[in-house]
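**Q** Structure supplied as protein.txt; contents: compact mmCIF, C-alpha atoms.
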# COMPACT_ATOMS: atom_id res chain seq x y z
CA MET A 1 15.73 -43.65 -9.53
CA GLN A 2 14.44 -46.02 -12.17
CA ILE A 3 11.86 -45.01 -14.81
CA GLY A 4 11.16 -48.06 -16.92
CA PRO A 5 14.53 -49.23 -18.20
CA TYR A 6 16.25 -45.91 -17.45
CA THR A 7 18.33 -45.22 -14.35
CA LEU A 8 18.71 -41.54 -13.49
CA LYS A 9 21.97 -40.18 -12.06
CA ASN A 10 19.96 -38.36 -9.39
CA THR A 11 16.36 -37.45 -8.59
CA LEU A 12 16.43 -33.78 -9.65
CA PHE A 13 14.08 -32.91 -12.51
CA VAL A 14 13.91 -29.83 -14.70
CA ALA A 15 10.27 -28.76 -14.74
CA PRO A 16 8.76 -28.40 -18.21
CA MET A 17 8.17 -24.68 -18.83
CA ALA A 18 6.62 -23.32 -22.01
CA GLY A 19 9.05 -21.11 -23.88
CA VAL A 20 11.91 -22.02 -21.55
CA THR A 21 12.79 -25.71 -21.52
CA ASP A 22 13.83 -25.99 -25.13
CA ARG A 23 16.60 -28.40 -26.11
CA PRO A 24 19.49 -25.97 -25.37
CA PHE A 25 18.19 -25.29 -21.85
CA ARG A 26 17.46 -28.95 -21.12
CA ILE A 27 20.95 -30.02 -22.16
CA LEU A 28 22.52 -27.21 -20.13
CA CYS A 29 20.62 -28.18 -16.98
CA ARG A 30 21.52 -31.83 -17.47
CA THR A 31 25.18 -30.83 -17.85
CA LEU A 32 24.97 -28.80 -14.65
CA GLY A 33 23.55 -31.54 -12.48
CA ALA A 34 19.92 -32.33 -13.32
CA GLY A 35 19.10 -36.02 -13.57
CA MET A 36 16.14 -35.54 -15.89
CA ALA A 37 14.60 -32.86 -18.09
CA VAL A 38 11.16 -32.84 -19.69
CA SER A 39 10.40 -30.93 -22.87
CA GLU A 40 8.16 -27.91 -22.87
CA MET A 41 4.51 -28.81 -23.35
CA VAL A 42 3.06 -29.31 -26.81
CA THR A 43 -0.62 -29.95 -27.40
CA SER A 44 -1.63 -33.08 -29.23
CA GLN A 45 -3.48 -31.09 -31.89
CA SER A 46 -0.63 -28.67 -32.64
CA LEU A 47 2.02 -31.38 -32.56
CA LEU A 48 0.25 -33.53 -35.12
CA TYR A 49 -0.98 -30.78 -37.40
CA GLY A 50 0.98 -27.67 -36.44
CA SER A 51 4.01 -25.78 -37.64
CA GLU A 52 7.68 -26.60 -37.66
CA LYS A 53 8.02 -24.16 -34.75
CA THR A 54 5.74 -26.38 -32.69
CA ARG A 55 7.45 -29.60 -33.71
CA ARG A 56 10.83 -28.10 -32.79
CA ARG A 57 9.71 -28.11 -29.17
CA ALA A 58 9.94 -31.89 -29.16
CA ASN A 59 13.37 -31.99 -30.83
CA HIS A 60 15.73 -34.14 -28.75
CA GLU A 61 18.65 -34.57 -31.16
CA GLY A 62 21.91 -34.91 -29.24
CA GLU A 63 20.17 -34.88 -25.87
CA PRO A 64 21.24 -37.38 -23.18
CA GLU A 65 18.91 -40.23 -22.33
CA PRO A 66 16.21 -40.59 -21.28
CA LYS A 67 14.43 -38.22 -23.62
CA SER A 68 11.03 -37.16 -22.31
CA VAL A 69 8.38 -35.26 -24.27
CA GLN A 70 5.42 -33.63 -22.56
CA ILE A 71 2.09 -33.64 -24.37
CA ALA A 72 -1.28 -32.13 -23.50
CA GLY A 73 -4.81 -32.63 -24.74
CA ALA A 74 -8.32 -33.68 -23.85
CA ASP A 75 -9.09 -36.20 -26.59
CA PRO A 76 -7.89 -39.75 -25.78
CA ALA A 77 -7.40 -40.75 -29.43
CA LEU A 78 -5.47 -37.58 -30.31
CA LEU A 79 -3.32 -37.82 -27.20
CA ALA A 80 -2.50 -41.44 -28.01
CA ASP A 81 -1.61 -40.42 -31.58
CA ALA A 82 0.65 -37.67 -30.24
CA ALA A 83 2.38 -40.16 -27.97
CA ARG A 84 3.00 -42.55 -30.87
CA TYR A 85 4.23 -39.65 -33.02
CA ASN A 86 6.83 -38.71 -30.42
CA VAL A 87 7.99 -42.24 -29.71
CA ALA A 88 8.48 -42.81 -33.43
CA ARG A 89 10.77 -39.76 -33.40
CA GLY A 90 12.88 -40.83 -30.47
CA ALA A 91 10.97 -40.01 -27.31
CA GLN A 92 11.83 -42.54 -24.59
CA ILE A 93 9.34 -41.28 -22.02
CA ILE A 94 5.95 -39.66 -22.60
CA ASP A 95 4.87 -37.11 -20.00
CA ILE A 96 1.25 -35.93 -19.84
CA ASN A 97 0.44 -32.42 -18.67
CA MET A 98 -2.43 -32.03 -16.24
CA GLY A 99 -0.86 -29.17 -14.35
CA CYS A 100 -0.74 -26.19 -16.73
CA PRO A 101 -2.98 -23.40 -15.37
CA ALA A 102 -2.98 -21.24 -18.52
CA LYS A 103 -6.45 -20.15 -19.60
CA LYS A 104 -5.87 -21.02 -23.27
CA VAL A 105 -5.05 -24.58 -22.21
CA CYS A 106 -7.77 -24.96 -19.57
CA ASN A 107 -10.40 -23.46 -21.87
CA VAL A 108 -10.09 -26.51 -24.11
CA MET A 109 -10.30 -28.80 -21.05
CA ALA A 110 -6.59 -29.70 -21.16
CA GLY A 111 -3.88 -29.10 -18.56
CA SER A 112 -5.12 -28.68 -15.01
CA ALA A 113 -8.74 -28.35 -16.17
CA LEU A 114 -8.74 -32.13 -16.48
CA LEU A 115 -8.54 -32.44 -12.70
CA ARG A 116 -12.28 -31.70 -12.67
CA ASP A 117 -13.03 -34.85 -14.69
CA PRO A 118 -11.46 -38.03 -13.24
CA ALA A 119 -13.40 -40.22 -15.66
CA LEU A 120 -11.86 -38.44 -18.64
CA ILE A 121 -8.44 -38.65 -16.98
CA ALA A 122 -8.82 -42.43 -16.78
CA ARG A 123 -9.67 -42.64 -20.48
CA LEU A 124 -6.76 -40.38 -21.44
CA LEU A 125 -4.19 -42.24 -19.36
CA THR A 126 -5.41 -45.65 -20.48
CA ALA A 127 -5.27 -44.58 -24.13
CA VAL A 128 -1.71 -43.28 -23.91
CA VAL A 129 -0.32 -46.11 -21.79
CA SER A 130 -1.84 -48.61 -24.22
CA ALA A 131 -0.56 -46.74 -27.28
CA VAL A 132 3.18 -46.81 -26.55
CA ASP A 133 5.74 -49.22 -25.17
CA VAL A 134 7.70 -46.56 -23.24
CA PRO A 135 7.08 -45.31 -19.68
CA VAL A 136 4.29 -42.76 -19.29
CA THR A 137 4.61 -40.12 -16.56
CA LEU A 138 2.13 -37.50 -15.37
CA LYS A 139 2.32 -33.94 -14.02
CA ILE A 140 -0.59 -32.67 -11.92
CA ARG A 141 -1.55 -30.02 -9.41
CA THR A 142 -3.24 -30.69 -6.08
CA GLY A 143 -6.67 -29.95 -7.52
CA TRP A 144 -8.75 -27.39 -9.40
CA ASP A 145 -9.20 -25.07 -6.41
CA ARG A 146 -8.90 -25.14 -2.63
CA GLU A 147 -12.38 -26.60 -2.24
CA HIS A 148 -11.64 -29.41 -4.68
CA ARG A 149 -8.22 -30.82 -3.82
CA ASN A 150 -8.39 -34.28 -5.37
CA GLY A 151 -4.70 -34.94 -5.89
CA VAL A 152 -4.79 -38.15 -3.88
CA GLU A 153 -7.69 -39.49 -5.95
CA ILE A 154 -5.96 -38.61 -9.22
CA ALA A 155 -2.68 -40.14 -8.04
CA ARG A 156 -4.36 -43.46 -7.24
CA LEU A 157 -6.15 -43.35 -10.57
CA ALA A 158 -2.88 -42.69 -12.40
CA GLU A 159 -1.19 -45.61 -10.68
CA SER A 160 -4.06 -47.93 -11.57
CA CYS A 161 -3.83 -46.85 -15.23
CA GLY A 162 -0.14 -47.76 -15.45
CA VAL A 163 1.55 -44.36 -15.02
CA ALA A 164 5.19 -44.92 -14.05
CA LEU A 165 5.89 -41.68 -12.16
CA LEU A 166 3.92 -38.71 -10.87
CA ALA A 167 5.11 -35.11 -10.48
CA VAL A 168 2.99 -32.87 -8.27
CA HIS A 169 3.03 -29.07 -8.23
CA GLY A 170 1.89 -28.21 -4.74
CA ARG A 171 -0.76 -25.68 -5.76
CA THR A 172 -4.27 -25.83 -7.14
CA ARG A 173 -5.04 -24.47 -10.57
CA SER A 174 -6.80 -21.46 -9.08
CA CYS A 175 -3.62 -20.57 -7.16
CA PHE A 176 -1.58 -20.35 -10.38
CA PHE A 177 1.85 -19.52 -8.90
CA GLU A 178 0.65 -17.48 -5.92
CA GLY A 179 0.91 -18.34 -2.24
CA GLU A 180 2.97 -21.13 -0.71
CA ALA A 181 3.15 -24.66 -2.06
CA GLU A 182 1.09 -27.30 -0.22
CA TYR A 183 3.70 -29.80 0.83
CA GLU A 184 1.24 -31.57 3.12
CA THR A 185 -0.88 -32.48 0.09
CA ILE A 186 2.16 -33.85 -1.72
CA ALA A 187 2.94 -35.89 1.40
CA ALA A 188 -0.59 -37.33 1.37
CA ILE A 189 -0.22 -38.25 -2.31
CA LYS A 190 3.14 -39.91 -1.65
CA SER A 191 1.57 -41.99 1.13
CA ALA A 192 -1.30 -43.07 -1.13
CA VAL A 193 0.67 -44.62 -4.02
CA ARG A 194 3.65 -46.88 -4.65
CA ILE A 195 4.92 -45.21 -7.82
CA PRO A 196 7.62 -42.51 -7.47
CA VAL A 197 6.31 -39.06 -6.57
CA ILE A 198 8.26 -35.91 -7.47
CA ALA A 199 7.62 -32.72 -5.47
CA ASN A 200 7.43 -29.39 -7.30
CA GLY A 201 6.88 -25.85 -6.08
CA ASP A 202 8.98 -23.09 -4.48
CA ILE A 203 12.22 -25.08 -4.41
CA ASP A 204 14.77 -22.30 -4.76
CA GLY A 205 17.93 -23.59 -3.10
CA PRO A 206 19.71 -26.49 -1.39
CA GLU A 207 18.26 -25.99 2.09
CA LYS A 208 14.73 -25.66 0.75
CA ALA A 209 15.25 -28.81 -1.29
CA ARG A 210 16.20 -30.77 1.83
CA ALA A 211 13.23 -29.34 3.74
CA VAL A 212 10.77 -30.27 0.96
CA LEU A 213 12.06 -33.83 0.80
CA ASP A 214 11.71 -34.12 4.57
CA ALA A 215 8.22 -32.61 4.58
CA THR A 216 6.80 -34.65 1.72
CA GLY A 217 8.70 -37.93 1.72
CA ALA A 218 8.88 -37.46 -2.05
CA ASP A 219 11.22 -39.54 -4.17
CA GLY A 220 12.65 -36.55 -5.98
CA LEU A 221 12.34 -32.85 -6.72
CA MET A 222 11.28 -30.83 -9.74
CA ILE A 223 12.70 -27.32 -10.14
CA GLY A 224 11.37 -24.75 -12.58
CA ARG A 225 11.48 -20.99 -12.11
CA ALA A 226 14.49 -21.09 -9.75
CA ALA A 227 16.59 -22.52 -12.60
CA GLN A 228 15.93 -19.57 -14.88
CA GLY A 229 19.24 -17.75 -15.11
CA ARG A 230 20.68 -20.15 -12.56
CA PRO A 231 20.94 -23.55 -14.23
CA TRP A 232 23.72 -24.55 -11.82
CA ILE A 233 21.10 -24.81 -9.05
CA PHE A 234 20.89 -28.54 -9.82
CA ARG A 235 24.51 -29.27 -8.98
CA GLU A 236 24.22 -27.07 -5.88
CA ILE A 237 21.22 -29.04 -4.63
CA ASP A 238 22.73 -32.40 -5.59
CA HIS A 239 25.95 -31.59 -3.71
CA TYR A 240 24.06 -30.39 -0.64
CA LEU A 241 21.79 -33.44 -0.50
CA LYS A 242 24.81 -35.74 -0.72
CA THR A 243 27.18 -33.90 1.62
CA GLY A 244 25.19 -31.41 3.69
CA GLU A 245 27.57 -28.71 2.48
CA ARG A 246 26.97 -25.69 0.28
CA LEU A 247 28.77 -25.66 -3.05
CA ALA A 248 30.48 -22.41 -3.99
CA PRO A 249 28.66 -20.42 -6.70
CA PRO A 250 30.27 -20.10 -10.13
CA ASP A 251 33.16 -17.67 -10.27
CA ARG A 252 33.12 -14.91 -12.86
CA ALA A 253 34.91 -16.91 -15.52
CA GLU A 254 32.56 -19.87 -15.20
CA LEU A 255 29.44 -17.71 -15.10
CA TYR A 256 30.50 -16.01 -18.32
CA ALA A 257 31.36 -19.37 -19.92
CA ILE A 258 27.98 -20.88 -18.96
CA LEU A 259 26.05 -17.91 -20.32
CA MET A 260 28.00 -17.64 -23.56
CA GLY A 261 27.76 -21.38 -24.12
CA HIS A 262 24.00 -21.17 -23.60
CA LEU A 263 23.70 -18.32 -26.08
CA GLU A 264 25.67 -20.14 -28.76
CA THR A 265 23.39 -23.17 -28.51
CA LEU A 266 20.33 -20.91 -28.78
CA TYR A 267 21.70 -19.24 -31.91
CA ALA A 268 22.50 -22.62 -33.48
CA PHE A 269 19.09 -24.08 -32.57
CA TYR A 270 16.86 -21.19 -33.62
CA GLY A 271 18.91 -19.23 -36.14
CA GLU A 272 19.81 -15.56 -35.73
CA GLN A 273 16.45 -13.78 -35.73
CA THR A 274 14.61 -16.11 -33.36
CA GLY A 275 17.74 -17.01 -31.42
CA VAL A 276 18.43 -13.40 -30.46
CA ARG A 277 14.82 -12.91 -29.33
CA VAL A 278 14.77 -16.09 -27.26
CA ALA A 279 18.15 -15.26 -25.75
CA ARG A 280 16.92 -11.92 -24.37
CA LYS A 281 14.86 -13.44 -21.59
CA HIS A 282 17.66 -15.80 -20.57
CA ILE A 283 20.18 -12.95 -20.49
CA GLY A 284 17.70 -11.02 -18.38
CA TRP A 285 17.45 -13.87 -15.89
CA TYR A 286 21.22 -14.29 -15.71
CA SER A 287 21.59 -10.57 -14.97
CA LYS A 288 18.84 -10.44 -12.32
CA GLY A 289 20.13 -8.97 -9.08
CA LEU A 290 23.39 -7.76 -10.58
CA ALA A 291 24.55 -4.17 -10.22
CA GLY A 292 23.49 -2.22 -13.31
CA GLY A 293 21.27 -5.07 -14.44
CA ALA A 294 18.16 -2.99 -15.15
CA GLY A 295 20.00 -0.65 -17.50
CA PHE A 296 21.76 -3.56 -19.14
CA ARG A 297 18.46 -5.32 -19.80
CA ARG A 298 17.04 -2.23 -21.47
CA THR A 299 20.08 -2.09 -23.72
CA ILE A 300 20.24 -5.80 -24.53
CA ASN A 301 16.56 -5.83 -25.50
CA GLN A 302 17.38 -3.38 -28.30
CA ALA A 303 20.12 -5.56 -29.80
CA ASP A 304 18.84 -7.45 -32.83
CA THR A 305 21.94 -9.24 -34.11
CA ILE A 306 24.09 -12.00 -32.67
CA MET A 307 27.17 -9.82 -32.94
CA ASP A 308 25.62 -6.96 -30.95
CA GLN A 309 24.19 -9.30 -28.34
CA ARG A 310 27.51 -11.06 -27.83
CA ARG A 311 29.33 -7.74 -27.50
CA LEU A 312 26.94 -6.33 -24.91
CA VAL A 313 27.00 -9.53 -22.85
CA GLU A 314 30.78 -9.59 -22.89
CA GLU A 315 30.97 -5.96 -21.80
CA PHE A 316 28.49 -6.39 -18.95
CA PHE A 317 29.39 -9.79 -17.54
CA GLY A 318 33.08 -9.15 -18.01
CA GLN A 319 32.96 -6.54 -15.25
CA THR A 320 30.22 -7.92 -12.98
CA PRO A 321 31.21 -9.70 -9.74
CA ALA A 322 30.02 -13.29 -10.13
CA GLY A 323 29.31 -13.55 -6.42
CA LEU A 324 26.14 -11.52 -7.01
CA ALA A 325 24.85 -13.97 -9.57
CA ALA A 326 22.42 -15.84 -7.34
Could you spell out this file's structure in C-alpha cells?

**A**
Amino acid sequence: MQIGPYTLKNTLFVAPMAGVTDRPFRILCRTLGAGMAVSEMVTSQSLLYGSEKTRRRANHEGEPEPKSVQIAGADPALLADAARYNVARGAQIIDINMGCPAKKVCNVMAGSALLRDPALIARLLTAVVSAVDVPVTLKIRTGWDREHRNGVEIARLAESCGVALLAVHGRTRSCFFEGEAEYETIAAIKSAVRIPVIANGDIDGPEKARAVLDATGADGLMIGRAAQGRPWIFREIDHYLKTGERLAPPDRAELYAILMGHLETLYAFYGEQTGVRVARKHIGWYSKGLAGGAGFRRTINQADTIMDQRRLVEEFFGQTPAGLAA
C-alpha cells in the first residue's frame, strides 16, 4: 500500500488507542508485523499549549517510517496549527480523529461528534490538507447513531477534500464498543470512494481478518484491542493472509523476551515512577487467560519499583505455559 511517498510492508495498521499506543508499543507492534502504527490521539489545544506529558504522546524518535501523528479538534485554524506543529517535529503523516466516542472529546464537538456536522468536517479537512505538505488520513465511525449512519457521505467528502486514506471503525458513536461491527457499512464506503479504506472493529485473529477483508473489500485492516497483550497478532495475521496457514504462537522463551523487552522500553521512555504505572496494564493484558493470572495481577499492581516489577514478572512468566498466552 502506498500513502503519499511511503510504501508500507503490509496493510495491517495498529489502531490509535489513548494511553496504549505510545512510542514503545508502536515500535513493538511494527517489529512484530504491523505495517503502520498511528500515535495515540492528542487534541490540537493540548498539543499546542499543554504539558510535556501531552507532547510526549507525539514523540516518534527512533520510530520506523512513516511516522503518523493523530490529532483531534473542532477548530479548523487550531487543527491546522497542530498539523504544522507535528510536521515540523518529524511527523510524516497527519491523521485526524473523527472516531473517538469519549464524552470529554465529543462534548467539545471533536472526535465522532463531528460526524453530525459535515460542513464543519469539510472546513477542518480543507484547513489541514492545505496546511501541510504530507499525506492527511482520517479515522471515522459509521455515523453518530444507528438512525444517522452517514459514513458514505463523510467518506466522499473526505476524498473530495484531499484525504489520502480513510480508516473506518464499523460502529456508530452511540454503540461505543458494544455489539458487532457493521462490515456492510464499511463495504458501502469502500464502494463509494477511490482512496484506500481500512476496516476496523472486532478483528481478533487471522481467520477473522480474512473474513473482514472478504466482507468489506477493504484495502487493509486496523487492529486495536486485540493487540493489547498480544502484539504478535500482526505477524500471525500477515502470515495467514499470505499463506492460509496459522503461525505457531510464541513459545515461552519468546513470550518472556517480548514482554521484558516491552517493559524495558516503557521504563526508558517514561522513567521509573510513570513507567511502572504504565507497565501494569500491559502486564495485565499479557497475563490475561493464564493460570494464576488474577492473583498475579493483584500482586503486580502493588509493585512500585522497576526492580520489584521485573522480579514478579520473571517469577510468574518463567513458570507459565506460553501456549495459554492467546

**Q** Taking a cut-off of 9 Å and counting only C-alpha atoms, can you build a table that, for each residue of range 164-234 of chain A near range 274-289 of chain A, reports the nearest atom pair and how far apart they are in Å (one decimal), sorted by chain then residue number, as CSV?

**A**
residue,atom,partner,partner_atom,distance
A:Gln228,CA,A:Trp285,CA,6.0
A:Gly229,CA,A:Tyr286,CA,4.0
A:Arg230,CA,A:Tyr286,CA,6.7

**Q** Keeping only C-alpha atoms, write those residues as a PDB file, in the frame of the given file.

**A**
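And here's again13.pdb as it stands now:
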ATOM      1  CA  GLN A 228      15.930 -19.570 -14.880  1.00  0.00           C
ATOM      2  CA  GLY A 229      19.240 -17.750 -15.110  1.00  0.00           C
ATOM      3  CA  ARG A 230      20.680 -20.150 -12.560  1.00  0.00           C
TER       4      ARG A 230
END

**Q** Between A:Arg252, A:Arg156, A:Arg310, A:His148, which one has atoms that come closest to Ala122 in chain A, using all atoms listed in the file?

**A**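 Among A:Arg252, A:Arg156, A:Arg310, A:His148, it is A:Arg156 that comes nearest to Ala122 in chain A.
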
**Q** For a quick check of understanding, using all atoms listed in the file, which of A:Arg225, A:Thr126, A:Gly33, A:Val20 has the smallest distance to Tyr240 in chain A?

**A** A:Gly33

**Q** Using only C-alpha atoms, pick whichever of A:Ala227, A:Ala131, A:Met36, A:Ile300 has the shortest atom-to-atom distance to Met17 in chain A.

**A**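 Ranking A:Ala227, A:Ala131, A:Met36, A:Ile300 by distance to Met17 in chain A, first place goes to A:Ala227.
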
**Q** Could you pull the residues within 12 Å of Asn200 in chain A, counting only C-alpha atoms, minus those fewer than 5 positions along the same chain, as a PyMOL selection string?

**A** chain A and resi 12-16+99+139-142+166-171+177+180-183+185-187+208-209+212-213+216+218-226

**Q** Work out how far CA of Pro135 in chain A is from CA of Gln2 in chain A, in Å to one decimal.

**A**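 Computing it gives 10.5 Å between the two atoms.
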
**Q** What lies within 9 Å of Leu247 in chain A using all atoms listed in the file, ignoring chain neighbours under 3 positions off, as a VMD selection string?

**A** chain A and resid 235 to 237 239 to 240

**Q** As an exercise, work out the distance from CA of Val42 in chain A to CA of Arg57 in chain A in Å and give it to one decimal place.

**A**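 Rounded to one decimal, the two atoms are 7.2 Å apart.
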
**Q** With distances taken over all atoms listed in the file, which of A:Met98, A:Val132, A:Ile189, A:Leu125 is nearest to Gly162 in chain A?

**A**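 Result for the nearest residue to Gly162 in chain A: A:Leu125.
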
**Q** In Å to one decimal, how far is CA of Val136 in chain A from CA of Ile96 in chain A?

**A**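 Computing the Euclidean distance for CA of Ile96 in chain A and CA of Val136 in chain A yields 7.5 Å.
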
**Q** Kindly provide, as a PyMOL selection string, the polymer residues lying within 12 Å of (-8.8, -39.3, -15.7), counting all atoms listed in the file and using the coordinates exactly as they appear in the file.

**A** chain A and resi 73-76+96-98+109-128+138+140+150-151+153-161+163

**Q** As JSON, please: the centre and edge lengths in Å, to one decimal, of an axis-aligned box enclosing every listed atom of range 60-63 of chain A with 3 Å added on each side.

**A**
{"center_x": 18.8, "center_y": -34.5, "center_z": -28.5, "size_x": 12.2, "size_y": 6.8, "size_z": 11.3}

**Q** Hey, which of A:Val152, A:Leu312, A:Met307, A:Ile93 ends up closest to Gly295 in chain A? Count only C-alpha atoms.

**A**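 Answer, going by the shortest atom-to-atom distance: A:Leu312.
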
**Q** For range 62-91 of chain A, supply N, CA and C atoms and format the output as a CSV table (one decimal), in the coordinates of the input.

**A**
chain,number,residue,atom,x,y,z
A,62,GLY,N,20.7,-35.2,-30.0
A,62,GLY,CA,21.9,-34.9,-29.2
A,62,GLY,C,21.7,-34.8,-27.7
A,63,GLU,N,20.5,-35.0,-27.3
A,63,GLU,CA,20.2,-34.9,-25.9
A,63,GLU,C,20.5,-36.2,-25.1
A,64,PRO,N,21.0,-36.1,-23.9
A,64,PRO,CA,21.2,-37.4,-23.2
A,64,PRO,C,20.0,-38.1,-22.8
A,65,GLU,N,20.1,-39.4,-22.7
A,65,GLU,CA,18.9,-40.2,-22.3
A,65,GLU,C,18.6,-40.1,-20.8
A,66,PRO,N,17.4,-40.3,-20.4
A,66,PRO,CA,16.2,-40.6,-21.3
A,66,PRO,C,15.6,-39.3,-21.8
A,67,LYS,N,15.0,-39.4,-23.0
A,67,LYS,CA,14.4,-38.2,-23.6
A,67,LYS,C,12.9,-38.2,-23.4
A,68,SER,N,12.4,-37.2,-22.7
A,68,SER,CA,11.0,-37.2,-22.3
A,68,SER,C,10.3,-36.0,-23.0
A,69,VAL,N,9.2,-36.3,-23.6
A,69,VAL,CA,8.4,-35.3,-24.3
A,69,VAL,C,7.1,-35.1,-23.5
A,70,GLN,N,6.7,-33.9,-23.2
A,70,GLN,CA,5.4,-33.6,-22.6
A,70,GLN,C,4.4,-33.2,-23.6
A,71,ILE,N,3.2,-33.9,-23.5
A,71,ILE,CA,2.1,-33.6,-24.4
A,71,ILE,C,0.9,-33.2,-23.5
A,72,ALA,N,-0.1,-32.5,-24.2
A,72,ALA,CA,-1.3,-32.1,-23.5
A,72,ALA,C,-2.5,-32.3,-24.5
A,73,GLY,N,-3.6,-32.5,-23.9
A,73,GLY,CA,-4.8,-32.6,-24.7
A,73,GLY,C,-6.0,-33.2,-23.9
A,74,ALA,N,-7.1,-33.2,-24.5
A,74,ALA,CA,-8.3,-33.7,-23.8
A,74,ALA,C,-9.1,-34.8,-24.6
A,75,ASP,N,-8.5,-35.1,-25.8
A,75,ASP,CA,-9.1,-36.2,-26.6
A,75,ASP,C,-8.2,-37.4,-26.5
A,76,PRO,N,-8.7,-38.6,-26.0
A,76,PRO,CA,-7.9,-39.8,-25.8
A,76,PRO,C,-7.2,-40.2,-27.1
A,77,ALA,N,-8.0,-40.3,-28.2
A,77,ALA,CA,-7.4,-40.8,-29.4
A,77,ALA,C,-6.3,-39.8,-29.9
A,78,LEU,N,-6.5,-38.5,-29.9
A,78,LEU,CA,-5.5,-37.6,-30.3
A,78,LEU,C,-4.2,-37.6,-29.4
A,79,LEU,N,-4.5,-37.8,-28.1
A,79,LEU,CA,-3.3,-37.8,-27.2
A,79,LEU,C,-2.5,-39.1,-27.4
A,80,ALA,N,-3.2,-40.2,-27.7
A,80,ALA,CA,-2.5,-41.4,-28.0
A,80,ALA,C,-1.7,-41.3,-29.3
A,81,ASP,N,-2.3,-40.6,-30.3
A,81,ASP,CA,-1.6,-40.4,-31.6
A,81,ASP,C,-0.4,-39.6,-31.4
A,82,ALA,N,-0.5,-38.5,-30.5
A,82,ALA,CA,0.6,-37.7,-30.2
A,82,ALA,C,1.8,-38.4,-29.5
A,83,ALA,N,1.4,-39.3,-28.7
A,83,ALA,CA,2.4,-40.2,-28.0
A,83,ALA,C,3.1,-41.1,-29.0
A,84,ARG,N,2.4,-41.7,-29.8
A,84,ARG,CA,3.0,-42.6,-30.9
A,84,ARG,C,3.9,-41.7,-31.8
A,85,TYR,N,3.4,-40.6,-32.2
A,85,TYR,CA,4.2,-39.6,-33.0
A,85,TYR,C,5.6,-39.4,-32.4
A,86,ASN,N,5.6,-39.0,-31.1
A,86,ASN,CA,6.8,-38.7,-30.4
A,86,ASN,C,7.7,-39.9,-30.2
A,87,VAL,N,7.2,-41.0,-29.9
A,87,VAL,CA,8.0,-42.2,-29.7
A,87,VAL,C,8.6,-42.6,-31.0
A,88,ALA,N,7.9,-42.5,-32.1
A,88,ALA,CA,8.5,-42.8,-33.4
A,88,ALA,C,9.6,-41.9,-33.8
A,89,ARG,N,9.7,-40.7,-33.1
A,89,ARG,CA,10.8,-39.8,-33.4
A,89,ARG,C,11.8,-39.7,-32.3
A,90,GLY,N,11.8,-40.7,-31.4
A,90,GLY,CA,12.9,-40.8,-30.5
A,90,GLY,C,12.6,-40.6,-29.0
A,91,ALA,N,11.3,-40.2,-28.7
A,91,ALA,CA,11.0,-40.0,-27.3
A,91,ALA,C,11.1,-41.3,-26.6
